[in-house]
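**Student:** Next comes the structure file structure-v7.cif, holding mmCIF, C-alpha atoms.
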```cif
data_target
#
loop_
_atom_site.group_PDB
_atom_site.id
_atom_site.type_symbol
_atom_site.label_atom_id
_atom_site.label_comp_id
_atom_site.auth_asym_id
_atom_site.auth_seq_id
_atom_site.Cartn_x
_atom_site.Cartn_y
_atom_site.Cartn_z
ATOM 1 C CA MET Q 1 -8.000 -6.862 18.937
ATOM 2 C CA GLU Q 2 -8.507 -7.836 22.571
ATOM 3 C CA GLU Q 3 -10.879 -10.593 21.456
ATOM 4 C CA LEU Q 4 -8.390 -11.906 18.884
ATOM 5 C CA GLU Q 5 -5.596 -12.010 21.475
ATOM 6 C CA ASP Q 6 -7.715 -13.656 24.185
ATOM 7 C CA MET Q 7 -5.955 -17.002 24.612
ATOM 8 C CA THR Q 8 -8.758 -18.351 26.825
ATOM 9 C CA ASN Q 9 -10.737 -18.657 23.580
ATOM 10 C CA PRO Q 10 -9.982 -22.121 22.136
ATOM 11 C CA GLU Q 11 -10.071 -20.798 18.564
ATOM 12 C CA ASN Q 12 -7.380 -18.218 19.349
ATOM 13 C CA ALA Q 13 -5.260 -20.930 20.979
ATOM 14 C CA GLN Q 14 -4.905 -22.719 17.626
ATOM 15 C CA TYR Q 15 -1.570 -22.835 15.809
ATOM 16 C CA PHE Q 16 -2.249 -20.363 12.990
ATOM 17 C CA GLY Q 17 -3.359 -16.776 13.448
ATOM 18 C CA HIS Q 18 -1.764 -15.890 16.778
ATOM 19 C CA LYS Q 19 1.123 -18.201 17.642
ATOM 20 C CA GLU Q 20 2.045 -18.461 13.963
ATOM 21 C CA PRO Q 21 0.916 -16.163 11.121
ATOM 22 C CA TYR Q 22 -1.536 -17.706 8.694
ATOM 23 C CA PRO Q 23 0.152 -18.060 5.262
ATOM 24 C CA LEU Q 24 -1.397 -16.226 2.293
ATOM 25 C CA GLU Q 25 0.029 -16.664 -1.197
ATOM 26 C CA VAL Q 26 1.924 -13.611 -2.444
ATOM 27 C CA ASN Q 27 1.208 -12.276 -5.969
ATOM 28 C CA ALA Q 28 -2.310 -13.745 -5.896
ATOM 29 C CA TYR Q 29 -5.779 -12.328 -5.447
ATOM 30 C CA HIS Q 30 -7.693 -13.222 -2.287
ATOM 31 C CA ARG Q 31 -11.377 -12.579 -1.683
ATOM 32 C CA PHE Q 32 -13.089 -13.009 1.682
ATOM 33 C CA LEU Q 33 -16.780 -12.710 2.492
ATOM 34 C CA ILE Q 34 -17.559 -10.834 5.699
ATOM 35 C CA PRO Q 35 -20.248 -12.356 7.964
ATOM 36 C CA GLN Q 36 -23.345 -10.259 8.600
ATOM 37 C CA TYR Q 37 -22.397 -9.714 12.224
ATOM 38 C CA LYS Q 38 -21.277 -6.306 13.485
ATOM 39 C CA ASN Q 39 -20.245 -5.396 9.920
ATOM 40 C CA GLU Q 40 -21.965 -2.003 9.803
ATOM 41 C CA VAL Q 41 -19.936 0.977 8.541
ATOM 42 C CA ASP Q 42 -20.752 4.695 8.322
ATOM 43 C CA THR Q 43 -18.593 5.500 5.287
ATOM 44 C CA THR Q 44 -17.409 4.031 2.003
ATOM 45 C CA GLU Q 45 -13.980 5.679 2.367
ATOM 46 C CA LEU Q 46 -12.196 2.643 3.794
ATOM 47 C CA LYS Q 47 -8.634 1.405 3.358
ATOM 48 C CA LEU Q 48 -6.854 -1.860 4.216
ATOM 49 C CA PHE Q 49 -3.496 -1.880 6.027
ATOM 50 C CA LEU Q 50 -1.122 -4.629 7.154
ATOM 51 C CA VAL Q 51 0.475 -3.697 10.463
ATOM 52 C CA GLY Q 52 3.651 -5.521 11.536
ATOM 53 C CA ASP Q 53 7.175 -4.260 11.986
ATOM 54 C CA GLU Q 54 6.103 -1.671 9.425
ATOM 55 C CA GLU Q 55 2.713 -0.379 8.297
ATOM 56 C CA THR Q 56 1.770 -1.078 4.673
ATOM 57 C CA GLU Q 57 -1.349 -0.112 2.753
ATOM 58 C CA ILE Q 58 -2.623 -3.175 0.887
ATOM 59 C CA ASP Q 59 -4.094 -2.885 -2.598
ATOM 60 C CA SER Q 60 -7.709 -3.856 -2.080
ATOM 61 C CA ARG Q 61 -11.349 -3.355 -2.872
ATOM 62 C CA LEU Q 62 -13.832 -3.227 0.027
ATOM 63 C CA THR Q 63 -17.403 -3.941 -1.114
ATOM 64 C CA ILE Q 64 -20.060 -2.067 0.865
ATOM 65 C CA ASP Q 65 -23.836 -2.303 0.431
ATOM 66 C CA ASN Q 66 -26.528 -0.690 2.599
ATOM 67 C CA ASN Q 67 -23.858 0.549 5.014
ATOM 68 C CA LYS Q 68 -22.504 -2.961 5.568
ATOM 69 C CA LEU Q 69 -19.084 -4.363 4.641
ATOM 70 C CA PHE Q 70 -19.611 -7.618 2.752
ATOM 71 C CA VAL Q 71 -16.472 -8.449 0.729
ATOM 72 C CA VAL Q 72 -12.736 -7.771 1.015
ATOM 73 C CA THR Q 73 -10.582 -8.338 -2.087
ATOM 74 C CA LEU Q 74 -6.820 -7.933 -1.726
ATOM 75 C CA ILE Q 75 -3.426 -8.683 -3.231
ATOM 76 C CA SER Q 76 0.162 -8.217 -2.076
ATOM 77 C CA PHE Q 77 3.331 -8.297 -4.173
ATOM 78 C CA GLU Q 78 5.584 -8.288 -1.111
ATOM 79 C CA GLU Q 79 6.328 -11.077 1.385
ATOM 80 C CA ILE Q 80 5.281 -9.177 4.503
ATOM 81 C CA GLN Q 81 3.719 -10.092 7.834
ATOM 82 C CA GLY Q 82 1.295 -8.532 10.301
ATOM 83 C CA HIS Q 83 -2.393 -8.189 11.059
ATOM 84 C CA PHE Q 84 -4.957 -6.493 8.832
ATOM 85 C CA GLU Q 85 -6.661 -3.274 9.858
ATOM 86 C CA ILE Q 86 -9.546 -1.675 7.986
ATOM 87 C CA ARG Q 87 -9.611 2.066 8.652
ATOM 88 C CA ASP Q 88 -11.858 4.961 7.723
ATOM 89 C CA SER Q 89 -10.647 8.269 6.258
ATOM 90 C CA SER Q 90 -9.856 9.641 9.734
ATOM 91 C CA GLY Q 91 -7.536 6.695 10.485
ATOM 92 C CA THR Q 92 -9.904 5.060 12.981
ATOM 93 C CA VAL Q 93 -9.563 1.264 12.967
ATOM 94 C CA LEU Q 94 -12.939 -0.412 12.400
ATOM 95 C CA PHE Q 95 -11.889 -4.052 11.920
ATOM 96 C CA TYR Q 96 -8.871 -6.190 12.860
ATOM 97 C CA SER Q 97 -7.681 -9.641 11.778
ATOM 98 C CA ASN Q 98 -5.422 -12.347 13.128
ATOM 99 C CA CYS Q 99 -1.776 -12.359 12.087
ATOM 100 C CA VAL Q 100 -1.045 -13.293 8.448
ATOM 101 C CA LYS Q 101 2.075 -13.589 6.323
ATOM 102 C CA PHE Q 102 2.320 -13.343 2.537
ATOM 103 C CA VAL Q 103 4.579 -16.164 1.348
ATOM 104 C CA ASN Q 104 5.763 -17.937 -1.774
ATOM 105 C CA SER Q 105 4.563 -21.454 -1.007
ATOM 106 C CA THR Q 106 6.536 -23.213 -3.770
ATOM 107 C CA ASP Q 107 8.119 -26.380 -2.357
ATOM 108 C CA LYS Q 108 11.170 -28.267 -3.615
ATOM 109 C CA GLU Q 109 9.017 -30.213 -6.112
ATOM 110 C CA GLY Q 110 7.601 -26.968 -7.517
ATOM 111 C CA ARG Q 111 4.141 -27.421 -6.008
ATOM 112 C CA LYS Q 112 2.252 -24.479 -4.512
ATOM 113 C CA TYR Q 113 -0.492 -24.259 -1.889
ATOM 114 C CA ILE Q 114 -3.865 -25.292 -3.266
ATOM 115 C CA ARG Q 115 -6.291 -22.507 -4.153
ATOM 116 C CA ILE Q 116 -9.898 -22.947 -3.107
ATOM 117 C CA ALA Q 117 -13.075 -21.180 -4.208
ATOM 118 C CA THR Q 118 -16.415 -21.572 -2.429
ATOM 119 C CA LYS Q 119 -19.717 -19.742 -2.036
ATOM 120 C CA CYS Q 120 -20.165 -20.609 1.666
ATOM 121 C CA THR Q 121 -23.723 -21.758 0.977
ATOM 122 C CA TYR Q 122 -23.870 -23.671 4.248
ATOM 123 C CA ASN Q 123 -25.183 -20.499 5.944
ATOM 124 C CA ARG Q 124 -27.106 -18.075 3.733
ATOM 125 C CA ASN Q 125 -28.209 -16.008 6.723
ATOM 126 C CA LEU Q 126 -24.636 -15.314 7.788
ATOM 127 C CA PHE Q 127 -23.264 -14.407 4.329
ATOM 128 C CA SER Q 128 -24.776 -12.134 1.678
ATOM 129 C CA TYR Q 129 -25.265 -13.275 -1.914
ATOM 130 C CA SER Q 130 -26.704 -10.076 -3.387
ATOM 131 C CA ASP Q 131 -24.147 -10.321 -6.211
ATOM 132 C CA GLY Q 132 -24.140 -13.965 -7.225
ATOM 133 C CA GLU Q 133 -21.471 -13.556 -9.899
ATOM 134 C CA HIS Q 134 -18.833 -12.053 -7.622
ATOM 135 C CA ASP Q 135 -19.717 -13.201 -4.085
ATOM 136 C CA TRP Q 136 -17.192 -16.007 -3.685
ATOM 137 C CA MET Q 137 -14.542 -16.751 -1.094
ATOM 138 C CA ILE Q 138 -11.266 -17.401 -2.913
ATOM 139 C CA THR Q 139 -7.931 -17.931 -1.189
ATOM 140 C CA ASN Q 140 -5.279 -20.571 -0.552
ATOM 141 C CA LEU Q 141 -5.085 -23.257 2.092
ATOM 142 C CA PRO Q 142 -1.766 -24.524 3.518
ATOM 143 C CA ALA Q 143 -2.098 -27.792 1.600
ATOM 144 C CA TYR Q 144 -0.442 -29.474 -1.380
ATOM 145 C CA CYS Q 145 -1.728 -31.819 -4.059
ATOM 146 C CA LEU Q 146 0.101 -35.124 -3.645
ATOM 147 C CA GLY Q 147 -0.386 -36.025 -7.295
ATOM 148 C CA GLU Q 148 -1.819 -39.407 -6.245
ATOM 149 C CA PHE Q 149 -4.705 -40.443 -8.478
ATOM 150 C CA GLU Q 150 -6.972 -43.463 -8.363
ATOM 151 C CA ILE Q 151 -10.110 -44.634 -10.153
ATOM 152 C CA ASP Q 152 -13.342 -45.738 -8.501
ATOM 153 C CA GLU Q 153 -15.407 -47.970 -10.753
ATOM 154 C CA ASP Q 154 -18.605 -49.984 -10.750
ATOM 155 C CA ILE Q 155 -19.128 -52.490 -13.578
ATOM 156 C CA THR Q 156 -22.351 -54.430 -14.176
ATOM 157 C CA LEU Q 157 -22.204 -57.717 -16.130
ATOM 158 C CA GLU Q 158 -24.967 -59.763 -17.730
ATOM 159 C CA ARG Q 159 -24.989 -63.243 -19.217
ATOM 160 C CA THR Q 160 -25.133 -63.609 -22.955
ATOM 161 C CA GLY Q 161 -25.257 -66.422 -25.537
ATOM 162 C CA ASN Q 162 -25.679 -70.171 -25.203
ATOM 163 C CA LEU Q 163 -22.213 -70.553 -23.698
ATOM 164 C CA LEU Q 164 -23.217 -68.537 -20.649
ATOM 165 C CA GLY Q 165 -20.605 -65.886 -21.288
ATOM 166 C CA SER Q 166 -20.916 -62.355 -19.978
ATOM 167 C CA GLU Q 167 -20.693 -58.819 -21.288
ATOM 168 C CA ILE Q 168 -20.673 -55.387 -19.711
ATOM 169 C CA SER Q 169 -24.164 -53.922 -19.509
ATOM 170 C CA GLY Q 170 -23.210 -50.798 -17.586
ATOM 171 C CA SER Q 171 -20.241 -49.067 -16.023
ATOM 172 C CA TRP Q 172 -19.387 -46.062 -13.865
ATOM 173 C CA TYR Q 173 -15.990 -44.440 -13.340
ATOM 174 C CA GLU Q 174 -14.763 -41.614 -11.118
ATOM 175 C CA GLU Q 175 -11.325 -39.969 -10.888
ATOM 176 C CA ASN Q 176 -10.001 -39.251 -7.399
ATOM 177 C CA VAL Q 177 -7.024 -37.221 -6.204
ATOM 178 C CA LYS Q 178 -5.426 -36.882 -2.762
ATOM 179 C CA TYR Q 179 -4.359 -33.686 -0.978
ATOM 180 C CA ARG Q 180 -2.041 -33.246 1.992
ATOM 181 C CA ILE Q 181 -3.273 -30.536 4.394
ATOM 182 C CA LEU Q 182 -0.616 -28.999 6.642
ATOM 183 C CA ALA Q 183 -2.840 -28.496 9.665
ATOM 184 C CA GLN Q 184 -0.025 -28.140 12.221
ATOM 185 C CA GLY Q 185 -2.526 -29.085 14.912
ATOM 186 C CA ASP Q 186 -4.928 -26.288 13.890
ATOM 187 C CA ASN Q 187 -8.425 -27.754 13.760
ATOM 188 C CA ASN Q 188 -9.784 -24.448 12.418
ATOM 189 C CA ILE Q 189 -8.292 -25.357 9.030
ATOM 190 C CA LEU Q 190 -9.762 -28.844 9.127
ATOM 191 C CA ALA Q 191 -13.174 -27.497 10.164
ATOM 192 C CA PHE Q 192 -13.015 -24.932 7.346
ATOM 193 C CA ILE Q 193 -12.317 -27.397 4.561
ATOM 194 C CA ALA Q 194 -14.693 -29.995 6.031
ATOM 195 C CA VAL Q 195 -17.581 -27.496 6.004
ATOM 196 C CA HIS Q 196 -16.811 -25.747 2.719
ATOM 197 C CA SER Q 197 -16.073 -28.919 0.791
ATOM 198 C CA ALA Q 198 -19.622 -30.029 1.583
ATOM 199 C CA ASN Q 199 -20.892 -27.202 -0.687
ATOM 200 C CA GLN Q 200 -21.984 -27.893 -4.240
ATOM 201 C CA ASP Q 201 -19.849 -24.982 -5.437
ATOM 202 C CA PHE Q 202 -16.374 -25.982 -4.248
ATOM 203 C CA TYR Q 203 -13.269 -25.698 -6.421
ATOM 204 C CA ILE Q 204 -9.630 -26.635 -5.883
ATOM 205 C CA ASP Q 205 -7.138 -24.976 -8.221
ATOM 206 C CA GLY Q 206 -10.016 -23.939 -10.466
ATOM 207 C CA THR Q 207 -11.564 -27.421 -10.833
ATOM 208 C CA LYS Q 208 -14.900 -28.421 -9.300
ATOM 209 C CA MET Q 209 -14.502 -31.130 -6.659
ATOM 210 C CA THR Q 210 -16.563 -33.420 -4.441
ATOM 211 C CA ARG Q 211 -15.222 -34.594 -1.113
ATOM 212 C CA LYS Q 212 -15.038 -38.399 -0.927
ATOM 213 C CA GLU Q 213 -14.348 -38.914 2.753
ATOM 214 C CA LYS Q 214 -14.061 -36.934 5.957
ATOM 215 C CA PRO Q 215 -10.635 -36.040 7.366
ATOM 216 C CA GLU Q 216 -9.281 -38.091 10.223
ATOM 217 C CA VAL Q 217 -8.592 -35.571 12.992
ATOM 218 C CA THR Q 218 -6.520 -36.185 16.137
ATOM 219 C CA ASP Q 219 -5.524 -33.840 18.958
ATOM 220 C CA ASN Q 220 -1.977 -33.374 17.650
ATOM 221 C CA THR Q 221 -2.542 -33.580 13.922
ATOM 222 C CA GLN Q 222 0.367 -32.263 11.855
ATOM 223 C CA GLU Q 223 -1.057 -33.122 8.461
ATOM 224 C CA VAL Q 224 -4.174 -34.759 7.103
ATOM 225 C CA ILE Q 225 -4.796 -36.564 3.813
ATOM 226 C CA MET Q 226 -8.142 -35.904 2.115
ATOM 227 C CA LYS Q 227 -9.513 -37.435 -1.074
ATOM 228 C CA PHE Q 228 -11.631 -35.579 -3.628
ATOM 229 C CA SER Q 229 -13.230 -36.546 -6.928
ATOM 230 C CA TYR Q 230 -13.550 -34.435 -10.061
ATOM 231 C CA GLN Q 231 -17.044 -33.319 -11.050
ATOM 232 C CA LYS Q 232 -17.759 -33.695 -14.768
ATOM 233 C CA ASP Q 233 -20.000 -31.852 -17.215
ATOM 234 C CA GLU Q 234 -22.331 -33.468 -19.764
ATOM 235 C CA ASN Q 235 -19.340 -34.108 -22.044
ATOM 236 C CA GLY Q 236 -17.351 -35.890 -19.344
ATOM 237 C CA LEU Q 237 -14.925 -32.982 -18.949
ATOM 238 C CA ASN Q 238 -13.763 -31.332 -15.718
ATOM 239 C CA ILE Q 239 -15.824 -28.282 -14.679
ATOM 240 C CA ILE Q 240 -13.513 -25.243 -14.632
ATOM 241 C CA LEU Q 241 -14.006 -21.974 -12.721
ATOM 242 C CA ASP Q 242 -13.225 -18.679 -14.485
ATOM 243 C CA GLU Q 243 -11.786 -16.471 -11.715
ATOM 244 C CA LYS Q 244 -11.451 -13.516 -14.070
ATOM 245 C CA LYS Q 245 -15.241 -13.141 -14.119
ATOM 246 C CA ILE Q 246 -15.419 -13.277 -10.333
ATOM 247 C CA PHE Q 247 -12.729 -10.614 -9.896
ATOM 248 C CA SER Q 248 -14.002 -8.467 -12.775
ATOM 249 C CA ASP Q 249 -15.715 -6.088 -10.335
ATOM 250 C CA ALA Q 250 -12.337 -5.325 -8.769
ATOM 251 C CA PHE Q 251 -10.807 -4.648 -12.204
ATOM 252 C CA LYS Q 252 -13.652 -2.310 -13.187
ATOM 253 C CA TYR Q 253 -13.347 -0.500 -9.863
ATOM 254 C CA ALA Q 254 -9.647 0.114 -10.392
ATOM 255 C CA LEU Q 255 -10.054 1.223 -14.003
ATOM 256 C CA GLY Q 256 -12.781 3.695 -13.052
ATOM 257 C CA ASN Q 257 -10.951 5.190 -10.100
ATOM 258 C CA LYS Q 258 -8.991 7.841 -12.010
ATOM 259 C CA GLU Q 259 -5.694 5.989 -11.496
ATOM 260 C CA LYS Q 260 -5.957 6.280 -7.721
ATOM 261 C CA THR Q 261 -5.872 2.495 -7.533
ATOM 262 C CA LYS Q 262 -3.227 0.321 -9.178
ATOM 263 C CA VAL Q 263 -4.514 -1.939 -11.923
ATOM 264 C CA TYR Q 264 -3.735 -5.651 -12.217
ATOM 265 C CA VAL Q 265 -4.514 -8.143 -14.942
ATOM 266 C CA TYR Q 266 -4.417 -11.912 -15.230
ATOM 267 C CA ASP Q 267 -1.805 -13.714 -17.289
ATOM 268 C CA ASN Q 268 -1.733 -17.498 -16.946
ATOM 269 C CA ASN Q 269 -3.446 -17.184 -13.534
ATOM 270 C CA LYS Q 270 -0.805 -14.742 -12.281
ATOM 271 C CA ALA Q 271 -1.438 -11.158 -11.304
ATOM 272 C CA ILE Q 272 0.756 -8.732 -13.231
ATOM 273 C CA LYS Q 273 1.095 -5.094 -12.178
ATOM 274 C CA THR Q 274 0.548 -2.652 -15.064
ATOM 275 C CA ARG Q 275 1.250 1.043 -15.363
#
```
So, in terms of structure tokens, how does the structure I just supplied come out?

**Tutor:**
Amino acid sequence: MEELEDMTNPENAQYFGHKEPYPLEVNAYHRFLIPQYKNEVDTTELKLFLVGDEETEIDSRLTIDNNKLFVVTLISFEEIQGHFEIRDSSGTVLFYSNCVKFVNSTDKEGRKYIRIATKCTYNRNLFSYSDGEHDWMITNLPAYCLGEFEIDEDITLERTGNLLGSEISGSWYEENVKYRILAQGDNNILAFIAVHSANQDFYIDGTKMTRKEKPEVTDNTQEVIMKFSYQKDENGLNIILDEKKIFSDAFKYALGNKEKTKVYVYDNNKAIKTR
């Protein structure tokens, strides 16, 4: 906690996380990979709490392998604020986080924060991929889709006939869409999306994307516009991510836990609490 509150560290001096809680979407699953750095634990009996004005236990699954914490999966149905604490059965705090706040991000046009999924393959030594089906980072970013589309195209012509006419011998098209990132001067967010969007496995709102250009960053950036293109399969269709398969380990864990853990299911990409 002392390290997180050390304002001589430039990363802690950013807008989100200390001065302002980082927004996480309420009523949505979030999965974070834990770096292989000081992530050793002596027990599997761990719980996740959010500590603010009040202390709340967060519904979660903490994935441990070879006495190391690798993955944290969580969901909150309440709009609450505080910092995360991971504790063992004796109540000892093993890990802390910066300040977060669960919010409903719906704006006046009905748009919500974009949801990103990535495998963090830029550093395979820092993150574990022992379970390739489930080891994803999935969460939201404080950014909205602008709904602005454009088409990139490249058309090749060749001459034909005695009248020196021309016809199309080849063509290439690509759909692009723009996103508005609410950075609020926090370059951590811009660095995150710049690095992760360079991965081959990068999805926005469940659709596989390729970054088209780097963000323009200034010292006092409030928002940044970034352009992405849709990746297509062999049939020319968008490539879609099935989050239910990724989170299936959390569902199985809850179902096999003798009702000690609440169970949630997906319905139109929303988490619904069941009894």

**Student:** Could you check which of Q:Lys245, Q:Phe228, Q:Leu126, Q:His196 is closest to Q:Glu150, using only C-alpha atoms?

**Tutor:**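 For Q:Glu150, the nearest of the given residues is Q:Phe228.
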
**Student:** Measuring atom to atom with all atoms listed in the file, identify which of Q:Thr156, Q:Ser89, Q:Thr8, Q:Thr106 is nearest to Q:Tyr173.

**Tutor:**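 Among Q:Thr156, Q:Ser89, Q:Thr8, Q:Thr106, it is Q:Thr156 that comes nearest to Q:Tyr173.
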
**Student:** Identify all residues satisfying the PyMOL selection byres ((chain Q and resi 192) around 12) in the given file; provide them as a list in words.

**Tutor:**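 This file, filtered by the PyMOL selection byres ((chain Q and resi 192) around 12), leaves Ile116, Thr118, Cys120, Tyr122, Met137, Asn140, Leu141, Pro142, Ile181, Ala183, Asp186, Asn187, Asn188, Ile189, Leu190, Ala191, Ile193, Ala194, Val195, His196, Ser197, Ala198, Asn199 and Pro215 of chain Q.
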
**Student:** Restricting the calculation to all atoms listed in the file: of Q:Tyr230, Q:Phe102, Q:Phe84, Q:Tyr29, which residue gets closest to Q:Ile151?

**Tutor:**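 So, comparing all the options, the nearest one is Q:Tyr230.
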
**Student:** Report the distance between atom CA of Q:Thr56 and atom CA of Q:Val100 in Å, rounded to one decimal place.

**Tutor:**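 Going from atom CA of Q:Thr56 over to atom CA of Q:Val100, I get 13.1 Å.
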
**Student:** Evaluate the PyMOL selection byres ((chain Q and resi 42-47) around 9) on the structure here and hand back the selected residues as a list in words.

**Tutor:**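 When the PyMOL selection byres ((chain Q and resi 42-47) around 9) is applied to the shown file, the picked residues are Glu40, Val41, Leu48, Phe49, Glu57, Ile58, Asp59, Ser60, Arg61, Leu62, Thr63, Ile64, Asn67, Lys68, Leu69, Glu85, Ile86, Arg87, Asp88, Ser89 and Gly91 of chain Q.
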
**Student:** In Å, how far is it from atom CA of Q:Leu33 to atom CA of Q:Val72?

**Tutor:**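 One can read the atom CA of Q:Leu33 to atom CA of Q:Val72 distance as 6.6 Å.
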
**Student:** Please report the interatomic distance between atom CA of Q:Lys208 and atom CA of Q:Gln184 in Å with one decimal.

**Tutor:**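 Computing the Euclidean distance for atom CA of Q:Lys208 and atom CA of Q:Gln184 yields 26.2 Å.
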
**Student:** With 10 Å as the threshold, what does the neighbourhood of (-2.3, -41.6, -9.2) contain in terms of residues, counting only C-alpha atoms? Coordinates are those of the file; answer as a PyMOL selection string.

**Tutor:** chain Q and resi 146-151+175-178

**Student:** Can you translate the PyMOL selection byres ((chain Q and resi 169) around 12) into the concrete residues it hits in this file, as a list of chain:residue names?

**Tutor:**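 Applying the expression gives Q:Asp154, Q:Ile155, Q:Thr156, Q:Leu157, Q:Glu158, Q:Arg159, Q:Thr160, Q:Ser166, Q:Glu167, Q:Ile168, Q:Gly170, Q:Ser171, Q:Trp172.
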
**Student:** Here is a test: counting all atoms listed in the file, which residue of Q:Asp6, Q:Glu11, Q:Glu223, Q:Asp205 is nearest to Q:Arg111?

**Tutor:**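 The shortest atom-to-atom distance to Q:Arg111 comes from Q:Asp205.
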
**Student:** Excluding Q:Gly52 and its own-chain neighbours fewer than 6 positions away, which residues fall within 8 Å of it when counting only C-alpha atoms? Please give them as a ChimeraX atom specification.

**Tutor:** /Q:81-83

**Student:** Because some atoms of stretch 198-210 of chain Q are absent here, can you restore N, CA and C atoms and send them as a CSV table (one decimal), in the coordinates of the input?

**Tutor:**
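Just written: out-v4.csv:
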```csv
chain,number,residue,atom,x,y,z
Q,198,ALA,N,-18.3,-29.4,1.7
Q,198,ALA,CA,-19.6,-30.0,1.6
Q,198,ALA,C,-20.6,-29.2,0.7
Q,199,ASN,N,-20.1,-28.0,0.2
Q,199,ASN,CA,-20.9,-27.2,-0.7
Q,199,ASN,C,-20.9,-27.8,-2.1
Q,200,GLN,N,-21.9,-27.5,-2.8
Q,200,GLN,CA,-22.0,-27.9,-4.2
Q,200,GLN,C,-21.0,-27.1,-5.1
Q,201,ASP,N,-20.8,-25.8,-4.7
Q,201,ASP,CA,-19.8,-25.0,-5.4
Q,201,ASP,C,-18.5,-24.9,-4.7
Q,202,PHE,N,-17.7,-25.9,-4.9
Q,202,PHE,CA,-16.4,-26.0,-4.2
Q,202,PHE,C,-15.3,-26.4,-5.3
Q,203,TYR,N,-14.3,-25.5,-5.4
Q,203,TYR,CA,-13.3,-25.7,-6.4
Q,203,TYR,C,-11.9,-25.7,-5.8
Q,204,ILE,N,-11.0,-26.6,-6.3
Q,204,ILE,CA,-9.6,-26.6,-5.9
Q,204,ILE,C,-8.8,-26.4,-7.1
Q,205,ASP,N,-8.0,-25.4,-7.1
Q,205,ASP,CA,-7.1,-25.0,-8.2
Q,205,ASP,C,-8.0,-24.8,-9.5
Q,206,GLY,N,-9.2,-24.3,-9.3
Q,206,GLY,CA,-10.0,-23.9,-10.5
Q,206,GLY,C,-10.8,-25.1,-11.0
Q,207,THR,N,-10.8,-26.3,-10.4
Q,207,THR,CA,-11.6,-27.4,-10.8
Q,207,THR,C,-12.6,-27.8,-9.8
Q,208,LYS,N,-13.8,-28.1,-10.2
Q,208,LYS,CA,-14.9,-28.4,-9.3
Q,208,LYS,C,-14.7,-29.8,-8.7
Q,209,MET,N,-14.8,-29.9,-7.4
Q,209,MET,CA,-14.5,-31.1,-6.7
Q,209,MET,C,-15.7,-31.6,-5.8
Q,210,THR,N,-15.7,-32.9,-5.4
Q,210,THR,CA,-16.6,-33.4,-4.4
Q,210,THR,C,-15.7,-34.2,-3.4
```
